[in-house]
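Engineer: I'd like to ask you about the structure that follows.
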Amino acid sequence: MFAPSQEQVRRFFCETWAKHQAGQPLTPLEAQAADWIAQHPEYHADLSDVEAAVAAVFEVEEGRTNPFLHLSMHLSITEQVSIDQPRGIRAAVELLANRRQSLHEAHHEVMESLGEMVWESQRFGKPFDGERYIDHIRQRATR
């Protein structure tokens, strides 16, 4: 299992965005990341200075989303959908995206479910419940 440090994640996104802007070739993972970054212009300034990005602290009280967490969740969901793991995630996300007429908006709703499921798993010391996660996403698609 790949478990990068916070610094490695931040450097990855900053370097990917710099490569994208310079027109340099990207790896498949970098290309996915660059696509999500492009859809979040509010994060471009955060990604323009690697050392500032590495040192930045994003407190909930500031009212700002951590761009690196947000982009990482986009990549996680993209990977989940690509391999359909947990089983059923692909169909659930497609259903939600069709309902919202936007894959991007669907991802943001899936992030809420994913965050809730991870929080519950950690708080109660239980394994991640993939079926419940998929059910949450399906429920969102029917609202």
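The chains in the structure tokens are called A, B, ... from first to last as shown; in each chain the residues are counted from 1, and the ligands are counted from 1 in the order shown.
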Using only C-alpha atoms, which residues sit within 12 Å of segment 51-58 of chain A once same-chain residues fewer than 4 positions away are excluded, as a list of chain:residue names?
Structural biologist: A:Ser5, A:Gln6, A:Glu7, A:Gln8, A:Val9, A:Arg10, A:Arg11, A:Phe12, A:Phe13, A:Cys14, A:Glu15, A:Tyr43, A:His44, A:Ala45, A:Asp46, A:Leu47, A:Glu62, A:Gly63, A:Arg64, A:Thr65, A:Asn66, A:Pro67, A:Phe68, A:Leu69, A:His70
Engineer: Which residues are near His108 of chain A? Cut-off 12 Å, only C-alpha atoms, ignore same chain within fewer than 6 positions. Put them as number ranges by chain.
Structural biologist: A: 36, 40, 70-75, 77-78, 93, 96-97, 100, 102, 114-115, 137, 140
Engineer: Go ahead and save the picked residues with C-alpha atoms, as a PDB file, in the first residue's frame.
Structural biologist:
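Output saved as result_18.pdb:
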ATOM      1  CA  TRP A  36      -9.204  17.909 -11.155  1.00  0.00           C
ATOM      2  CA  HIS A  40     -10.635  24.091  -9.084  1.00  0.00           C
ATOM      3  CA  HIS A  70      -9.960  17.894  -1.478  1.00  0.00           C
ATOM      4  CA  LEU A  71      -7.912  16.981  -4.559  1.00  0.00           C
ATOM      5  CA  SER A  72      -6.745  13.742  -2.920  1.00  0.00           C
ATOM      6  CA  MET A  73     -10.364  12.770  -2.348  1.00  0.00           C
ATOM      7  CA  HIS A  74     -11.140  13.435  -6.021  1.00  0.00           C
ATOM      8  CA  LEU A  75      -8.293  11.074  -6.949  1.00  0.00           C
ATOM      9  CA  ILE A  77     -12.967   8.466  -5.782  1.00  0.00           C
ATOM     10  CA  THR A  78     -11.673   8.358  -9.364  1.00  0.00           C
ATOM     11  CA  VAL A  93     -21.382   7.462  -8.823  1.00  0.00           C
ATOM     12  CA  LEU A  96     -25.448  10.399  -8.955  1.00  0.00           C
ATOM     13  CA  ALA A  97     -23.536  12.147 -11.767  1.00  0.00           C
ATOM     14  CA  ARG A 100     -26.707  16.045 -10.885  1.00  0.00           C
ATOM     15  CA  SER A 102     -22.129  16.771 -13.346  1.00  0.00           C
ATOM     16  CA  LEU A 114     -16.713   9.089   2.229  1.00  0.00           C
ATOM     17  CA  GLY A 115     -15.698  11.544   4.950  1.00  0.00           C
ATOM     18  CA  ILE A 137     -24.347   7.511  -2.406  1.00  0.00           C
ATOM     19  CA  ARG A 140     -28.099  10.966  -2.477  1.00  0.00           C
TER      20      ARG A 140
END
Engineer: So, counting only C-alpha atoms, which residue among A:Ile134, A:Met117, A:Leu29, A:Ala38 is closest to Glu79 of chain A?
Structural biologist: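 Ranking A:Ile134, A:Met117, A:Leu29, A:Ala38 by distance to Glu79 of chain A, first place goes to A:Leu29.
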Engineer: Considering only alpha helix (DSSP H) as DSSP defines it on the backbone, what residues of segment 8-143 of chain A qualify? List them as a ChimeraX atom specification.
Structural biologist: /A:8-22,28-38,44-47,50-55,67-83,89-100,103-124,130-141
Engineer: Rank nothing, just name the residue among A:Ile37, A:Val60, A:Ala141, A:Val110 nearest to Asn98 of chain A, using only C-alpha atoms.
Structural biologist: A:Ala141
Engineer: Need to verify the contact set: Val81 of chain A, 10 Å, only C-alpha atoms, exclusion of same-chain residues closer than 6 positions in sequence. Can you return it as a list in words?
Structural biologist: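 Near neighbours after the sequence-gap exclusion: Leu75, Arg87, Gly88, Ile89, Arg90, Ala91, Ala92, Val93 and Glu94 of chain A.
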Engineer: Would you put the residues from that selection into a file with N, CA and C atoms, as a short mmCIF file (atom, residue, chain, number, x, y, z; two decimals), in the first residue's frame?
Structural biologist:
data_model
loop_
_atom_site.label_atom_id
_atom_site.label_comp_id
_atom_site.auth_asym_id
_atom_site.auth_seq_id
_atom_site.Cartn_x
_atom_site.Cartn_y
_atom_site.Cartn_z
N LEU A 75 -9.08 12.18 -6.39
CA LEU A 75 -8.29 11.07 -6.95
C LEU A 75 -8.71 9.72 -6.36
N ARG A 87 -17.32 -2.65 -4.39
CA ARG A 87 -18.19 -3.10 -5.48
C ARG A 87 -19.51 -2.32 -5.48
N GLY A 88 -19.84 -1.76 -6.64
CA GLY A 88 -21.05 -0.97 -6.79
C GLY A 88 -20.81 0.53 -6.81
N ILE A 89 -19.58 0.97 -6.48
CA ILE A 89 -19.29 2.40 -6.45
C ILE A 89 -19.42 3.01 -7.84
N ARG A 90 -18.98 2.30 -8.86
CA ARG A 90 -19.04 2.84 -10.22
C ARG A 90 -20.48 3.18 -10.60
N ALA A 91 -21.38 2.23 -10.42
CA ALA A 91 -22.79 2.46 -10.78
C ALA A 91 -23.41 3.55 -9.92
N ALA A 92 -23.08 3.58 -8.64
CA ALA A 92 -23.65 4.58 -7.74
C ALA A 92 -23.18 5.99 -8.12
N VAL A 93 -21.91 6.15 -8.44
CA VAL A 93 -21.38 7.46 -8.82
C VAL A 93 -21.95 7.87 -10.18
N GLU A 94 -22.06 6.93 -11.10
CA GLU A 94 -22.66 7.24 -12.41
C GLU A 94 -24.11 7.69 -12.25
#
Engineer: For the atom pair atom CA of Gln101 of chain A and atom CA of Glu116 of chain A, what is the interatomic distance in Å to one decimal place?
Structural biologist: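 Atom CA of Gln101 of chain A sits 23.5 Å away from atom CA of Glu116 of chain A.
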Engineer: A:Ala18, A:Val118, A:Ala3, A:Ala106: which is nearest Ser48 of chain A, counting only C-alpha atoms?
Structural biologist: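 Nearest candidate to Ser48 of chain A out of A:Ala18, A:Val118, A:Ala3, A:Ala106: A:Ala18.
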Engineer: If we count only C-alpha atoms and set the cut-off at 12 Å, which residues sit around Glu120 of chain A, ignoring sequence neighbours fewer than 6 positions away in its own chain? Please answer as a ChimeraX atom specification.
Structural biologist: /A:113-114,126-129,132-133
Engineer: Enter the distance from atom CA of Arg99 of chain A to atom CA of His136 of chain A, in Å, rounded to one decimal.
Structural biologist: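 About the pair atom CA of Arg99 of chain A and atom CA of His136 of chain A: they are 14.7 Å apart.
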